[in-house]
>>> print(open('protein-v6.cif').read())   # mmCIF, C-alpha atoms and all ligand atoms
data_input
loop_
_atom_site.label_atom_id
_atom_site.label_comp_id
_atom_site.auth_asym_id
_atom_site.auth_seq_id
_atom_site.Cartn_x
_atom_site.Cartn_y
_atom_site.Cartn_z
CA MET B 20 119.78 104.13 81.89
CA LYS B 21 116.21 105.25 81.40
CA ARG B 22 115.08 108.62 82.83
CA ILE B 23 111.33 109.11 83.26
CA SER B 24 110.38 112.62 84.38
CA ILE B 25 107.21 113.10 86.35
CA SER B 26 105.42 116.46 86.55
CA ALA B 27 103.02 116.42 89.48
CA SER B 28 102.92 118.87 92.42
CA LYS B 29 106.67 118.29 92.37
CA LYS B 30 108.82 117.57 89.32
CA TYR B 31 111.19 114.63 89.70
CA ASP B 32 112.97 111.87 87.84
CA VAL B 33 112.63 108.12 88.06
CA LEU B 34 115.96 106.59 87.00
CA ILE B 35 115.91 102.94 85.95
CA GLY B 36 119.02 100.96 85.06
CA ARG B 37 121.27 98.05 85.90
CA GLY B 38 124.02 99.03 88.36
CA LEU B 39 122.54 102.45 89.23
CA PHE B 40 122.87 101.80 92.98
CA GLU B 41 126.59 102.55 92.62
CA GLU B 42 125.62 106.09 91.57
CA LEU B 43 123.32 106.72 94.56
CA GLY B 44 125.56 109.42 96.06
CA ALA B 45 126.07 111.35 92.83
CA ARG B 46 122.41 111.08 91.79
CA ALA B 47 121.17 112.15 95.25
CA ALA B 48 123.59 115.09 95.16
CA GLU B 49 122.04 116.23 91.86
CA ALA B 50 118.48 115.98 93.22
CA LEU B 51 118.89 117.34 96.79
CA ARG B 52 119.93 120.77 98.02
CA SER B 53 121.25 119.65 101.43
CA ARG B 54 124.13 117.27 102.14
CA ARG B 55 122.52 115.69 105.20
CA VAL B 56 120.35 112.54 104.99
CA VAL B 57 118.91 109.74 107.09
CA VAL B 58 118.66 106.40 105.29
CA VAL B 59 115.64 104.36 106.45
CA SER B 60 115.63 100.61 105.86
CA ASP B 61 114.37 97.35 107.35
CA SER B 62 115.98 94.30 108.90
CA ASN B 63 115.85 92.33 105.62
CA VAL B 64 117.36 94.96 103.35
CA ALA B 65 119.81 96.69 105.70
CA PRO B 66 122.25 93.72 105.98
CA LEU B 67 122.39 93.54 102.16
CA TYR B 68 122.62 97.16 101.06
CA LEU B 69 122.76 99.69 103.91
CA GLU B 70 126.55 99.91 104.26
CA ARG B 71 126.94 100.33 100.51
CA ALA B 72 124.25 103.03 100.45
CA LEU B 73 125.92 104.94 103.30
CA ALA B 74 129.34 104.61 101.64
CA ARG B 75 128.01 105.92 98.30
CA LEU B 76 126.28 108.85 100.02
CA ARG B 77 129.26 109.76 102.22
CA GLY B 78 131.53 109.45 99.21
CA ALA B 79 129.42 112.14 97.54
CA GLY B 80 129.77 114.47 100.52
CA PHE B 81 126.65 113.60 102.53
CA ALA B 82 126.53 113.33 106.32
CA ALA B 83 124.43 110.17 106.57
CA ASP B 84 122.75 108.42 109.52
CA SER B 85 120.54 105.35 109.33
CA TYR B 86 117.39 104.04 110.96
CA VAL B 87 116.46 100.35 110.67
CA PHE B 88 113.17 98.77 111.79
CA PRO B 89 111.96 95.15 111.81
CA ALA B 90 110.88 93.96 108.35
CA GLY B 91 107.20 93.26 107.71
CA GLU B 92 103.81 94.89 107.29
CA ALA B 93 103.35 94.94 111.09
CA SER B 94 106.01 97.68 111.24
CA LYS B 95 103.99 100.00 108.98
CA CYS B 96 102.26 101.34 112.05
CA GLY B 97 101.96 104.41 114.25
CA GLN B 98 104.59 103.15 116.69
CA THR B 99 107.38 102.73 114.09
CA TYR B 100 106.36 106.01 112.47
CA LEU B 101 106.66 107.92 115.78
CA SER B 102 109.93 106.18 116.67
CA LEU B 103 111.33 107.26 113.31
CA LEU B 104 110.16 110.87 113.82
CA ASN B 105 111.77 110.90 117.29
CA PHE B 106 115.00 109.61 115.77
CA LEU B 107 114.95 112.40 113.16
CA ALA B 108 114.37 114.98 115.90
CA GLU B 109 117.18 113.53 118.06
CA LYS B 110 119.50 113.76 115.07
CA GLN B 111 118.31 117.35 114.57
CA LEU B 112 117.42 116.77 110.96
CA THR B 113 116.31 120.12 109.57
CA ARG B 114 113.76 121.08 106.97
CA ALA B 115 116.50 121.41 104.36
CA ASP B 116 117.63 117.79 104.85
CA ALA B 117 116.30 114.54 103.39
CA LEU B 118 115.27 110.95 103.97
CA VAL B 119 116.35 108.06 101.77
CA ALA B 120 113.96 105.07 101.69
CA LEU B 121 116.01 101.93 101.00
CA GLY B 122 113.70 98.92 100.70
CA GLY B 123 110.38 97.60 99.46
CA GLY B 124 106.84 98.91 99.76
CA VAL B 125 106.69 99.03 103.57
CA VAL B 126 109.94 101.02 103.82
CA GLY B 127 108.90 103.35 101.00
CA ASP B 128 105.40 104.05 102.32
CA LEU B 129 106.49 104.62 105.91
CA THR B 130 109.53 106.73 105.01
CA GLY B 131 107.52 108.73 102.51
CA PHE B 132 104.89 109.48 105.16
CA ALA B 133 107.59 110.50 107.66
CA ALA B 134 109.10 112.77 104.99
CA ALA B 135 105.66 114.27 104.27
CA THR B 136 105.01 115.12 107.91
CA TYR B 137 108.32 115.67 109.75
CA LEU B 138 108.71 119.47 110.10
CA ARG B 139 105.75 119.65 107.65
CA GLY B 140 107.81 118.10 104.90
CA VAL B 141 111.41 117.21 104.08
CA ALA B 142 112.85 115.87 100.83
CA CYS B 143 112.78 112.16 100.08
CA VAL B 144 114.70 109.83 97.77
CA GLN B 145 113.15 106.44 97.06
CA VAL B 146 115.51 103.53 96.38
CA PRO B 147 113.19 100.57 95.75
CA THR B 148 114.72 97.12 96.30
CA THR B 149 111.69 95.04 95.26
CA LEU B 150 109.94 94.81 91.90
CA LEU B 151 106.68 95.85 93.54
CA ALA B 152 108.20 99.03 94.94
CA CYS B 153 110.01 99.76 91.68
CA VAL B 154 106.96 99.54 89.41
CA ASP B 155 104.35 100.92 91.78
CA SER B 156 104.74 102.09 95.36
CA SER B 157 107.90 104.20 95.07
CA VAL B 158 106.42 106.32 92.27
CA GLY B 159 103.47 108.69 92.45
CA GLY B 160 103.60 110.01 95.99
CA LYS B 161 101.20 107.78 97.90
CA THR B 162 102.63 107.46 101.41
CA ALA B 163 100.95 105.80 104.36
CA ILE B 164 100.89 103.71 107.49
CA ASP B 165 98.26 101.13 108.49
CA LEU B 166 95.70 101.22 111.29
CA PRO B 167 94.33 98.10 113.00
CA ALA B 168 91.12 98.85 111.03
CA GLY B 169 92.84 98.61 107.65
CA LYS B 170 95.78 99.14 105.36
CA ASN B 171 97.08 102.60 104.41
CA LEU B 172 94.33 104.38 106.35
CA VAL B 173 96.64 107.24 107.43
CA GLY B 174 98.78 108.92 104.83
CA ALA B 175 99.53 111.78 102.52
CA PHE B 176 100.10 112.46 98.85
CA TYR B 177 103.74 113.54 98.87
CA GLN B 178 105.95 113.18 95.83
CA PRO B 179 109.58 112.11 96.23
CA ASP B 180 112.50 114.16 94.88
CA LEU B 181 114.13 111.23 93.12
CA VAL B 182 113.43 107.53 92.54
CA LEU B 183 116.50 105.45 91.78
CA CYS B 184 115.77 101.90 90.65
CA ASP B 185 118.67 99.52 90.08
CA THR B 186 117.22 96.50 88.27
CA GLN B 187 120.26 94.45 89.33
CA LEU B 188 118.98 94.55 92.93
CA LEU B 189 115.76 92.91 91.74
CA GLU B 190 117.56 89.98 90.12
CA SER B 191 118.59 88.50 93.48
CA LEU B 192 115.20 88.78 95.20
CA PRO B 193 113.78 85.59 96.77
CA PRO B 194 111.49 84.04 94.08
CA GLN B 195 108.30 84.68 96.05
CA VAL B 196 109.13 88.34 96.66
CA PHE B 197 109.91 88.75 92.96
CA SER B 198 106.65 87.09 91.90
CA ASP B 199 104.71 89.38 94.26
CA GLY B 200 105.97 92.29 92.17
CA CYS B 201 104.93 90.49 88.99
CA ALA B 202 101.31 90.76 90.16
CA GLU B 203 101.59 94.57 89.94
CA VAL B 204 103.26 94.30 86.53
CA ILE B 205 100.42 92.11 85.22
CA LYS B 206 98.01 94.65 86.72
CA TYR B 207 99.44 97.39 84.49
CA GLY B 208 98.89 95.18 81.45
CA MET B 209 95.33 94.40 82.46
CA LEU B 210 94.42 98.00 83.22
CA GLY B 211 95.79 99.62 80.12
CA SER B 212 98.38 97.97 77.88
CA ALA B 213 97.78 95.24 75.32
CA GLU B 214 101.46 95.67 74.39
CA LEU B 215 102.58 94.77 77.92
CA LEU B 216 100.26 91.74 78.01
CA ASP B 217 101.66 90.57 74.66
CA ARG B 218 105.23 90.98 75.92
CA LEU B 219 104.50 89.08 79.15
CA LEU B 220 102.84 86.26 77.23
CA GLY B 221 106.02 86.06 75.17
CA ALA B 222 108.50 86.06 78.08
CA PRO B 223 108.16 86.40 81.86
CA ALA B 224 108.86 89.72 83.55
CA GLY B 225 112.20 88.50 84.93
CA GLU B 226 113.57 88.12 81.40
CA GLN B 227 112.79 91.71 80.40
CA LEU B 228 113.18 93.66 83.63
CA GLU B 229 114.26 97.03 82.26
CA TYR B 230 111.47 97.08 79.68
CA VAL B 231 108.90 96.01 82.28
CA ALA B 232 110.02 98.52 84.93
CA ALA B 233 110.11 101.42 82.44
CA LYS B 234 106.78 100.50 80.84
CA CYS B 235 104.98 100.33 84.21
CA VAL B 236 106.54 103.59 85.45
CA GLU B 237 105.63 105.37 82.19
CA MET B 238 102.04 104.17 82.56
CA LYS B 239 102.00 105.29 86.18
CA ARG B 240 103.45 108.69 85.17
CA ASP B 241 100.61 109.20 82.69
CA VAL B 242 97.99 108.32 85.28
CA VAL B 243 99.55 110.35 88.13
CA GLU B 244 100.12 113.44 85.96
CA GLY B 245 96.43 113.39 85.08
CA ASP B 246 95.02 112.60 88.53
CA GLU B 247 97.64 113.03 91.26
CA PHE B 248 95.11 113.04 94.10
CA ASP B 249 93.23 109.88 93.13
CA THR B 250 89.83 111.36 92.47
CA GLY B 251 89.35 109.73 89.07
CA ARG B 252 91.47 107.76 86.65
CA ARG B 253 94.20 106.95 89.18
CA GLN B 254 91.73 104.58 90.84
CA LEU B 255 92.36 102.24 87.89
CA LEU B 256 95.71 101.49 89.54
CA ASN B 257 93.71 99.74 92.22
CA LEU B 258 92.61 97.00 89.86
CA GLY B 259 92.23 93.89 92.02
CA HIS B 260 93.08 95.81 95.19
CA THR B 261 89.60 96.19 96.69
CA PHE B 262 89.27 92.47 97.41
CA ALA B 263 93.04 92.08 97.81
CA HIS B 264 92.92 94.33 100.87
CA SER B 265 90.21 92.06 102.36
CA ILE B 266 92.36 88.99 101.71
CA GLU B 267 95.47 90.58 103.24
CA ALA B 268 93.68 91.91 106.30
CA ALA B 269 91.79 88.65 106.96
CA SER B 270 95.11 86.77 106.94
CA GLY B 271 96.63 89.23 109.43
CA TYR B 272 98.95 90.23 106.56
CA ALA B 273 100.36 86.68 106.33
CA VAL B 274 99.31 86.74 102.64
CA PRO B 275 101.75 89.15 100.94
CA HIS B 276 100.33 92.11 99.00
CA GLY B 277 101.29 90.80 95.54
CA ARG B 278 99.67 87.41 96.09
CA ALA B 279 96.52 89.08 97.38
CA VAL B 280 96.49 91.36 94.31
CA ALA B 281 96.78 88.28 92.07
CA MET B 282 93.74 86.69 93.72
CA GLY B 283 91.87 90.01 93.76
CA MET B 284 92.50 90.55 90.03
CA ARG B 285 91.37 87.05 89.16
CA LEU B 286 88.25 87.62 91.25
CA ILE B 287 87.28 90.95 89.68
CA THR B 288 88.06 89.69 86.17
CA ARG B 289 85.96 86.56 86.67
CA ALA B 290 83.11 88.75 87.95
CA ALA B 291 83.54 91.10 84.97
CA VAL B 292 83.20 88.16 82.57
CA GLU B 293 80.17 86.85 84.44
CA LYS B 294 78.50 90.28 84.33
CA GLY B 295 79.24 90.81 80.64
CA PHE B 296 81.83 93.59 81.09
CA CYS B 297 84.68 91.78 79.42
CA PRO B 298 85.27 88.85 77.05
CA PRO B 299 86.33 85.47 78.53
CA LYS B 300 89.66 85.78 76.69
CA CYS B 301 90.78 88.40 79.23
CA LEU B 302 90.30 85.92 82.07
CA GLU B 303 92.17 83.22 80.16
CA VAL B 304 95.10 85.59 79.55
CA LEU B 305 95.14 86.75 83.17
CA GLU B 306 95.10 83.19 84.52
CA ALA B 307 97.88 82.16 82.12
CA LEU B 308 100.04 85.12 83.20
CA LEU B 309 99.45 84.61 86.92
CA GLU B 310 100.40 80.93 86.61
CA LYS B 311 103.44 81.73 84.50
CA HIS B 312 104.67 84.11 87.21
CA GLY B 313 104.07 81.71 90.11
CA LEU B 314 101.06 83.56 91.48
CA PRO B 315 97.88 82.12 93.01
CA LEU B 316 94.46 82.39 91.33
CA HIS B 317 92.05 81.55 94.12
CA THR B 318 91.26 82.72 97.62
CA ASP B 319 89.54 80.43 100.11
CA MET B 320 87.57 83.36 101.59
CA ASP B 321 83.81 83.46 101.13
CA ALA B 322 81.91 86.24 99.35
CA GLU B 323 80.47 87.77 102.53
CA SER B 324 83.88 88.10 104.22
CA LEU B 325 85.44 89.53 101.04
CA ALA B 326 82.69 92.13 100.80
CA ARG B 327 82.89 93.02 104.51
CA GLY B 328 86.65 93.57 104.27
CA ALA B 329 86.19 95.79 101.20
CA LEU B 330 84.10 98.24 103.21
CA SER B 331 87.24 99.79 104.71
CA ASP B 332 88.53 100.54 101.19
CA LYS B 333 89.64 104.18 101.04
CA LYS B 334 87.82 104.68 97.76
CA ARG B 335 84.47 104.15 99.41
CA ALA B 336 82.44 107.36 99.29
CA GLY B 337 79.44 106.97 101.53
CA GLY B 338 77.40 104.07 100.20
CA THR B 339 79.30 103.76 96.92
CA LEU B 340 82.59 102.09 96.05
CA THR B 341 84.33 102.50 92.72
CA LEU B 342 85.67 99.24 91.32
CA ALA B 343 88.30 99.03 88.59
CA VAL B 344 86.84 96.47 86.19
CA PRO B 345 88.55 94.85 83.15
CA CYS B 346 86.57 95.53 80.00
CA GLY B 347 88.85 94.34 77.20
CA TYR B 348 92.30 93.05 76.37
CA GLY B 349 94.61 95.54 78.11
CA GLU B 350 91.70 97.78 79.05
CA SER B 351 89.79 98.51 82.26
CA ARG B 352 87.28 101.07 83.42
CA LEU B 353 85.92 102.51 86.64
CA HIS B 354 82.54 101.25 87.75
CA PRO B 355 80.84 102.67 90.86
CA VAL B 356 78.73 100.12 92.76
CA PRO B 357 76.55 100.46 95.86
CA VAL B 358 78.25 98.72 98.80
CA GLU B 359 75.27 96.34 99.04
CA ALA B 360 76.29 94.96 95.62
CA LEU B 361 79.79 93.96 96.75
CA THR B 362 78.78 90.50 97.96
CA ASP B 363 77.22 89.80 94.57
CA TRP B 364 80.43 90.92 92.80
CA ALA B 365 82.53 88.76 95.12
CA ARG B 366 80.22 85.77 94.56
CA ALA B 367 80.47 86.16 90.79
CA GLY B 368 84.25 86.44 91.12
CA LEU B 369 84.55 83.24 93.12
CA MET B 370 83.01 81.19 90.32
CA PRO B 371 85.40 78.61 88.84
N1 LIG B 401 99.37 102.08 94.03
C1 LIG B 401 98.28 102.78 93.52
C2 LIG B 401 98.56 104.23 93.30
O1 LIG B 401 99.68 104.66 93.40
O2 LIG B 401 97.65 104.96 93.01
#
>>> encode(input="protein-v6.cif", output="structure tokens", more="lines below")
Ligand code: GLY
Amino acid sequence: MKRISISASKKYDVLIGRGLFEELGARAAEALRSRRVVVVSDSNVAPLYLERALARLRGAGFAADSYVFPAGEASKCGQTYLSLLNFLAEKQLTRADALVALGGGVVGDLTGFAAATYLRGVACVQVPTTLLACVDSSVGGKTAIDLPAGKNLVGAFYQPDLVLCDTQLLESLPPQVFSDGCAEVIKYGMLGSAELLDRLLGAPAGEQLEYVAAKCVEMKRDVVEGDEFDTGRRQLLNLGHTFAHSIEAASGYAVPHGRAVAMGMRLITRAAVEKGFCPPKCLEVLEALLEKHGLPLHTDMDAESLARGALSDKKRAGGTLTLAVPCGYGESRLHPVPVEALTDWARAGLMP
């Protein structure tokens, strides 16, 4: 097992290992002061793992209830959030008690936001069941729900008390869900690790899961410890995300996040090559890795629509938006652009 300790506004451990789910009760008991939890999950994950999670928690002395909502991005909304809060109140969950998020990014973000706000904050354990949640969304304390106007527009920075990632759960993911997570893994290589790019060129993420998960979480730890509240370097973690959010929103969230990130990364990297920010080799490597991991390269959206969608990006400050732009092999930098320049960037990114 690998233990990665994160020191942000809260200190907590990310535990990564094969078979760790069996230890959920004991590990939660070490991290939490109360013995009362509500496990939150969705209709995809609950049939697979909820009973086992409840049994492990009860076996360790927890009184455990559960709340399950319909799977999908559409559930990451105000209505599900309020229903969950009402459930917690009905169950008389107190400030000393905790939530356990059992699922992928939607479950983690929604549960994390409920934990951040219910009674002004209760403890939270993240148990990611997708690669995407394991390497990115469960770590670092970004919690949110969506608004009709855009993704993650309401949220809080709220660190969990424990992240427990069992890589065995990731091995049985449907291939497309697994490859969505690979987009975030490739992102970490592109934004800051030549070593990770080399390793992925050698063997796909699925063949080196524990290395990949630990490497990405260590990189995220370094970024979050330096910029927890996303005012600087943390924005690098949004490589590819500015246009990805346009692609997701325009599809009504039919395009999954990871696939949109793949297209968004290809777009920004192509634009970076065109504008002389980065050598063409970076684009060749990115395209090879996306293809190797079953991810798409191209969006059929036009430059104007991509730019329009990017205007609701949370990183926009007035008339300026900060893009994360690849500038070398395993290296990216932040580049503020006026919003009027976004169409030009998107056009350059759409080039073949
Ligand atoms: N997923 C981007 C971040 O945590 O900052």
>>> closest_residue(input="protein-v6.cif", among="B:Gly160, B:Gly127, B:Pro355, B:Gly122", to="Asp249 (chain B)", atoms="only C-alpha atoms")
B:Gly160
>>> closest_residue(input="protein-v6.cif", among="B:Gly38, B:Gly159, B:Gly259, B:Pro299", to="ligand LIG 401 (chain B)", atoms="all atoms listed in the file")
B:Gly159
>>> residues_near_ligand(input="protein-v6.cif", ligand="ligand LIG 401 (chain B)", cutoff="6 Å", atoms="all atoms listed in the file", output="ChimeraX atom specification")
/B:155-156,159,161,253,256-257
>>> residues_around(input="protein-v6.cif", residues="Ser270 (chain B)", least_positions_apart="2", cutoff="12 Å", atoms="all atoms listed in the file", output="compact mmCIF listing (two decimals) with C-alpha atoms, in the coordinates of the input")
# COMPACT_ATOMS: atom_id res chain seq x y z
CA GLU B 92 103.81 94.89 107.29
CA ALA B 263 93.04 92.08 97.81
CA HIS B 264 92.92 94.33 100.87
CA SER B 265 90.21 92.06 102.36
CA ILE B 266 92.36 88.99 101.71
CA GLU B 267 95.47 90.58 103.24
CA ALA B 268 93.68 91.91 106.30
CA TYR B 272 98.95 90.23 106.56
CA ALA B 273 100.36 86.68 106.33
CA VAL B 274 99.31 86.74 102.64
CA PRO B 275 101.75 89.15 100.94
CA HIS B 276 100.33 92.11 99.00
CA ARG B 278 99.67 87.41 96.09
CA ALA B 279 96.52 89.08 97.38
CA THR B 318 91.26 82.72 97.62
CA ASP B 319 89.54 80.43 100.11
CA MET B 320 87.57 83.36 101.59
CA SER B 324 83.88 88.10 104.22
CA LEU B 325 85.44 89.53 101.04
CA GLY B 328 86.65 93.57 104.27
>>> residues_around(input="protein-v6.cif", residues="Asp332 (chain B)", least_positions_apart="2", cutoff="12 Å", atoms="all atoms listed in the file", output="PyMOL selection string")
chain B and resi 168-172+254+257+259-265+268+325-330+334-342+358+361
>>> residues_around(input="protein-v6.cif", residues="Thr148 (chain B)", least_positions_apart="4", cutoff="7 Å", atoms="all atoms listed in the file", output="PyMOL selection string")
chain B and resi 121-123+152+188-189
>>> write_last_selection(input="protein-v6.cif", atoms="C-alpha atoms", output="mmCIF file, in the frame of the given file")
data_model
loop_
_atom_site.group_PDB
_atom_site.id
_atom_site.type_symbol
_atom_site.label_atom_id
_atom_site.label_comp_id
_atom_site.auth_asym_id
_atom_site.auth_seq_id
_atom_site.Cartn_x
_atom_site.Cartn_y
_atom_site.Cartn_z
ATOM 1 C CA LEU B 121 116.010 101.930 101.000
ATOM 2 C CA GLY B 122 113.700 98.920 100.700
ATOM 3 C CA GLY B 123 110.380 97.600 99.460
ATOM 4 C CA ALA B 152 108.200 99.030 94.940
ATOM 5 C CA LEU B 188 118.980 94.550 92.930
ATOM 6 C CA LEU B 189 115.760 92.910 91.740
#
>>> residues_around(input="protein-v6.cif", residues="Ala322 (chain B)", least_positions_apart="4", cutoff="6 Å", atoms="all atoms listed in the file", output="PyMOL selection string")
chain B and resi 362+365-366
>>> atom_distance(input="protein-v6.cif", atom1="CA of Leu118 (chain B)", atom2="CA of Leu103 (chain B)")
10.8 Å
>>> closest_residue(input="protein-v6.cif", among="B:Ala133, B:Cys153, B:Val144, B:Leu76", to="Asn105 (chain B)", atoms="only C-alpha atoms")
B:Ala133
>>> atom_distance(input="protein-v6.cif", atom1="CA of Leu228 (chain B)", atom2="CA of Thr186 (chain B)")
6.8 Å
>>> atom_distance(input="protein-v6.cif", atom1="CA of Leu104 (chain B)", atom2="CA of Arg77 (chain B)")
22.4 Å
>>> closest_residue(input="protein-v6.cif", among="B:Gly91, B:Glu350, B:Pro345, B:Leu308", to="Gly271 (chain B)", atoms="all atoms listed in the file")
B:Gly91
>>> residues_around(input="protein-v6.cif", residues="Ser60 (chain B)", least_positions_apart="4", cutoff="9 Å", atoms="only C-alpha atoms", output="PyMOL selection string")
chain B and resi 64-65+69+85-90+119-123+126-127+130
>>> closest_atom_pairs(input="protein-v6.cif", of="region 70-170 of chain B", to="region 204-223 of chain B", cutoff="9 Å", atoms="only C-alpha atoms", output="Markdown table")
| residue | atom | partner | partner_atom | distance |
| --- | --- | --- | --- | --- |
| B:Leu150 | CA | B:Val204 | CA | 8.6 |
| B:Leu151 | CA | B:Val204 | CA | 8.0 |
| B:Val154 | CA | B:Val204 | CA | 7.0 |
| B:Asp155 | CA | B:Val204 | CA | 8.5 |
>>> closest_residue(input="protein-v6.cif", among="B:Asp199, B:Glu237, B:Asp185, B:Glu229", to="Ser26 (chain B)", atoms="only C-alpha atoms")
B:Glu237
>>> closest_residue(input="protein-v6.cif", among="B:Ser351, B:Ser24, B:Thr113, B:Thr288", to="Leu255 (chain B)", atoms="all atoms listed in the file")
B:Ser351
>>> axis_aligned_box(input="protein-v6.cif", around="region 66-80 of chain B", padding_each_side="4 Å", output="lines of an AutoDock Vina configuration file")
center_x = 126.9
center_y = 104.0
center_z = 101.8
size_x = 17.3
size_y = 28.9
size_z = 16.4
